[in-house]
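Report on the structure given below.
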Amino acid sequence: EFATMPTSFPLAAGMLVAVGTYSRRAGHVPGTLGRGVYTLRIDESGRPSDTGAQPLELPNPTYLVRHPSKPVIYACQEMDVDVESNAVTAISFDERTGVLTAMNTVKLPGGVACHVDTDGEFLFAACYMPTGSTGVVH
């Protein structure tokens, strides 16, 4: 099974997980940058290991959520420097290899994208700064 995980998420051997990273500078992002979304496989000891798949290069995919029944995750792209570039990207994944493929991107008007969720039919997005807003995509 594929999952995004908070630190308390129970991990099972063989589970495929995705990790979003800051790949571009933002005012609150010091240190080393990633390249986008990475996949890892949980090994028998419960530790993440590299799948060998290349990361899917996206600008600041900082929050990820899995579709409840399809092999798709959604990545919220947080761009505080360029509010017009905030978006959510649908990404298909191959459970066996961990390979990620970008499917579609929807721009988010109204602020810096910070959260995304789905019930399987609708995609919900929340933005903060400068004024905060929410949106729904069907």
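Chain labels follow the order of the structure tokens: the first chain is A, the next B, and so on; residue numbering restarts at 1 in every chain, and ligands are counted from 1 in their shown order.
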Residues within 8 Å of Ser23 of chain A, only C-alpha atoms, excluding chain neighbours under 2 positions, as JSON, numbers by chain: {"A": [21, 25, 33, 34, 35, 36, 58, 59, 60, 61]}
Suppose we keep N, CA, C and O atoms; can you now write the selection as a JSON list (two decimals), in the first residue's frame?
[["chain", "number", "residue", "atom", "x", "y", "z"],
["A", 21, "THR", "N", 9.44, 17.50, -0.93],
["A", 21, "THR", "CA", 10.54, 18.33, -0.42],
["A", 21, "THR", "C", 10.42, 19.76, -0.96],
["A", 21, "THR", "O", 9.76, 20.01, -1.96],
["A", 25, "ARG", "N", 13.98, 27.80, -3.20],
["A", 25, "ARG", "CA", 14.07, 28.65, -2.01],
["A", 25, "ARG", "C", 12.75, 29.33, -1.71],
["A", 25, "ARG", "O", 12.02, 29.74, -2.61],
["A", 33, "LEU", "N", 18.21, 21.81, -0.36],
["A", 33, "LEU", "CA", 16.96, 21.62, -1.08],
["A", 33, "LEU", "C", 16.90, 20.21, -1.67],
["A", 33, "LEU", "O", 17.92, 19.63, -2.03],
["A", 34, "GLY", "N", 15.67, 19.69, -1.79],
["A", 34, "GLY", "CA", 15.46, 18.42, -2.47],
["A", 34, "GLY", "C", 15.22, 18.68, -3.95],
["A", 34, "GLY", "O", 15.42, 19.79, -4.45],
["A", 35, "ARG", "N", 14.73, 17.65, -4.65],
["A", 35, "ARG", "CA", 14.46, 17.79, -6.08],
["A", 35, "ARG", "C", 12.99, 17.64, -6.41],
["A", 35, "ARG", "O", 12.62, 17.74, -7.58],
["A", 36, "GLY", "N", 12.15, 17.37, -5.42],
["A", 36, "GLY", "CA", 10.73, 17.19, -5.70],
["A", 36, "GLY", "C", 10.14, 16.11, -4.82],
["A", 36, "GLY", "O", 10.31, 16.10, -3.62],
["A", 58, "LEU", "N", 9.39, 18.62, -9.18],
["A", 58, "LEU", "CA", 8.30, 19.60, -9.11],
["A", 58, "LEU", "C", 8.76, 20.74, -8.22],
["A", 58, "LEU", "O", 9.57, 20.53, -7.32],
["A", 59, "PRO", "N", 8.22, 21.93, -8.42],
["A", 59, "PRO", "CA", 8.56, 23.03, -7.52],
["A", 59, "PRO", "C", 7.83, 22.90, -6.17],
["A", 59, "PRO", "O", 6.61, 22.91, -6.12],
["A", 60, "ASN", "N", 8.59, 22.70, -5.12],
["A", 60, "ASN", "CA", 8.12, 22.69, -3.74],
["A", 60, "ASN", "C", 6.86, 21.86, -3.48],
["A", 60, "ASN", "O", 5.86, 22.36, -2.97],
["A", 61, "PRO", "N", 6.91, 20.55, -3.75],
["A", 61, "PRO", "CA", 5.77, 19.70, -3.42],
["A", 61, "PRO", "C", 5.77, 19.38, -1.93],
["A", 61, "PRO", "O", 6.24, 18.34, -1.48]]
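Considering only C-alpha atoms, the residue among A:Leu123, A:Ala90, A:Val29, A:Val99 positioned nearest to Glu78 of chain A is A:Val29.
If you look at atom CA of Phe93 of chain A and atom CA of Ser69 of chain A, they are 12.6 Å away from each other.
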Exercise: segment 38-50 of chain A partners within 12 Å, only C-alpha atoms, chain neighbours under 3 positions left out, as a PyMOL selection string: chain A and resi 1-5+9-23+34-35+53-58+61-62+64+73+75+91-101
Could you take the residues named above and write them with N, CA and C atoms, as a CSV table (one decimal), in the first residue's frame?
chain,number,residue,atom,x,y,z
A,1,GLU,N,0.8,-1.2,0.0
A,1,GLU,CA,0.0,0.0,0.0
A,1,GLU,C,0.9,1.2,0.0
A,2,PHE,N,0.4,2.3,-0.6
A,2,PHE,CA,1.1,3.6,-0.7
A,2,PHE,C,0.5,4.5,0.3
A,3,ALA,N,1.3,5.3,1.0
A,3,ALA,CA,0.8,6.2,2.0
A,3,ALA,C,1.7,7.4,2.1
A,4,THR,N,1.1,8.5,2.5
A,4,THR,CA,1.9,9.6,3.0
A,4,THR,C,1.9,9.4,4.5
A,5,MET,N,2.9,9.9,5.2
A,5,MET,CA,3.0,9.6,6.6
A,5,MET,C,3.4,10.7,7.5
A,9,PHE,N,2.7,7.5,11.9
A,9,PHE,CA,2.0,6.6,11.0
A,9,PHE,C,2.7,5.2,11.1
A,10,PRO,N,1.9,4.1,11.3
A,10,PRO,CA,2.5,2.8,11.4
A,10,PRO,C,3.0,2.3,10.0
A,11,LEU,N,4.2,1.9,10.0
A,11,LEU,CA,4.9,1.5,8.8
A,11,LEU,C,5.0,-0.1,8.7
A,12,ALA,N,4.7,-0.6,7.5
A,12,ALA,CA,4.8,-2.0,7.3
A,12,ALA,C,5.8,-2.3,6.3
A,13,ALA,N,6.5,-3.4,6.5
A,13,ALA,CA,7.6,-3.8,5.5
A,13,ALA,C,7.0,-3.9,4.1
A,14,GLY,N,7.7,-3.4,3.1
A,14,GLY,CA,7.2,-3.4,1.8
A,14,GLY,C,6.4,-2.2,1.4
A,15,MET,N,6.0,-1.4,2.3
A,15,MET,CA,5.1,-0.3,2.0
A,15,MET,C,5.9,0.8,1.2
A,16,LEU,N,5.2,1.3,0.2
A,16,LEU,CA,5.8,2.4,-0.6
A,16,LEU,C,5.4,3.7,0.0
A,17,VAL,N,6.3,4.6,0.3
A,17,VAL,CA,5.9,5.9,0.8
A,17,VAL,C,6.5,7.0,-0.1
A,18,ALA,N,5.8,8.2,-0.1
A,18,ALA,CA,6.3,9.3,-0.9
A,18,ALA,C,6.7,10.4,0.1
A,19,VAL,N,7.7,11.2,-0.3
A,19,VAL,CA,8.2,12.3,0.5
A,19,VAL,C,8.3,13.5,-0.4
A,20,GLY,N,7.6,14.6,0.0
A,20,GLY,CA,7.7,15.8,-0.8
A,20,GLY,C,8.8,16.7,-0.1
A,21,THR,N,9.4,17.5,-0.9
A,21,THR,CA,10.5,18.3,-0.4
A,21,THR,C,10.4,19.8,-1.0
A,22,TYR,N,11.1,20.7,-0.3
A,22,TYR,CA,11.3,22.0,-0.9
A,22,TYR,C,12.4,21.9,-1.9
A,23,SER,N,12.1,22.3,-3.1
A,23,SER,CA,13.1,22.2,-4.2
A,23,SER,C,13.5,23.6,-4.7
A,34,GLY,N,15.7,19.7,-1.8
A,34,GLY,CA,15.5,18.4,-2.5
A,34,GLY,C,15.2,18.7,-3.9
A,35,ARG,N,14.7,17.7,-4.7
A,35,ARG,CA,14.5,17.8,-6.1
A,35,ARG,C,13.0,17.6,-6.4
A,53,ALA,N,14.1,4.7,-8.0
A,53,ALA,CA,13.4,5.6,-8.9
A,53,ALA,C,13.9,7.0,-8.8
A,54,GLN,N,14.0,7.7,-9.9
A,54,GLN,CA,14.3,9.1,-9.8
A,54,GLN,C,13.2,9.9,-9.2
A,55,PRO,N,13.6,11.0,-8.5
A,55,PRO,CA,12.5,11.8,-7.9
A,55,PRO,C,11.7,12.5,-9.1
A,56,LEU,N,10.5,12.8,-8.8
A,56,LEU,CA,9.7,13.6,-9.8
A,56,LEU,C,10.0,15.0,-9.5
A,57,GLU,N,10.6,15.7,-10.4
A,57,GLU,CA,11.0,17.1,-10.1
A,57,GLU,C,9.8,18.0,-10.3
A,58,LEU,N,9.4,18.6,-9.2
A,58,LEU,CA,8.3,19.6,-9.1
A,58,LEU,C,8.8,20.7,-8.2
A,61,PRO,N,6.9,20.6,-3.7
A,61,PRO,CA,5.8,19.7,-3.4
A,61,PRO,C,5.8,19.4,-1.9
A,62,THR,N,5.2,20.3,-1.1
A,62,THR,CA,5.4,20.2,0.3
A,62,THR,C,4.4,19.4,1.1
A,64,LEU,N,1.6,16.1,0.5
A,64,LEU,CA,1.1,15.1,-0.4
A,64,LEU,C,-0.1,14.4,0.2
A,73,ILE,N,-1.3,10.2,-6.3
A,73,ILE,CA,-1.2,11.1,-5.2
A,73,ILE,C,-1.3,12.6,-5.7
A,75,ALA,N,0.1,16.5,-5.1
A,75,ALA,CA,1.2,17.3,-4.5
A,75,ALA,C,0.8,18.7,-4.5
A,91,ILE,N,-0.3,12.9,-9.6
A,91,ILE,CA,0.9,12.1,-9.9
A,91,ILE,C,0.5,10.6,-9.8
A,92,SER,N,0.7,9.9,-10.9
A,92,SER,CA,0.5,8.4,-10.8
A,92,SER,C,1.7,7.8,-10.3
A,93,PHE,N,1.5,6.6,-9.6
A,93,PHE,CA,2.7,5.9,-9.1
A,93,PHE,C,2.6,4.4,-9.5
A,94,ASP,N,3.8,3.8,-9.7
A,94,ASP,CA,3.9,2.4,-9.9
A,94,ASP,C,4.2,1.7,-8.6
A,95,GLU,N,3.3,1.0,-8.1
A,95,GLU,CA,3.5,0.3,-6.8
A,95,GLU,C,4.8,-0.6,-6.7
A,96,ARG,N,5.1,-1.2,-7.8
A,96,ARG,CA,6.2,-2.2,-7.9
A,96,ARG,C,7.5,-1.4,-8.0
A,97,THR,N,7.6,-0.4,-8.8
A,97,THR,CA,8.9,0.3,-9.0
A,97,THR,C,9.1,1.6,-8.3
A,98,GLY,N,8.0,2.2,-7.8
A,98,GLY,CA,8.1,3.5,-7.2
A,98,GLY,C,8.2,4.6,-8.2
A,99,VAL,N,8.1,4.4,-9.5
A,99,VAL,CA,8.2,5.4,-10.5
A,99,VAL,C,7.0,6.3,-10.4
A,100,LEU,N,7.2,7.6,-10.4
A,100,LEU,CA,6.2,8.6,-10.3
A,100,LEU,C,6.1,9.3,-11.7
A,101,THR,N,4.8,9.6,-12.1
A,101,THR,CA,4.6,10.3,-13.4
A,101,THR,C,3.6,11.4,-13.2
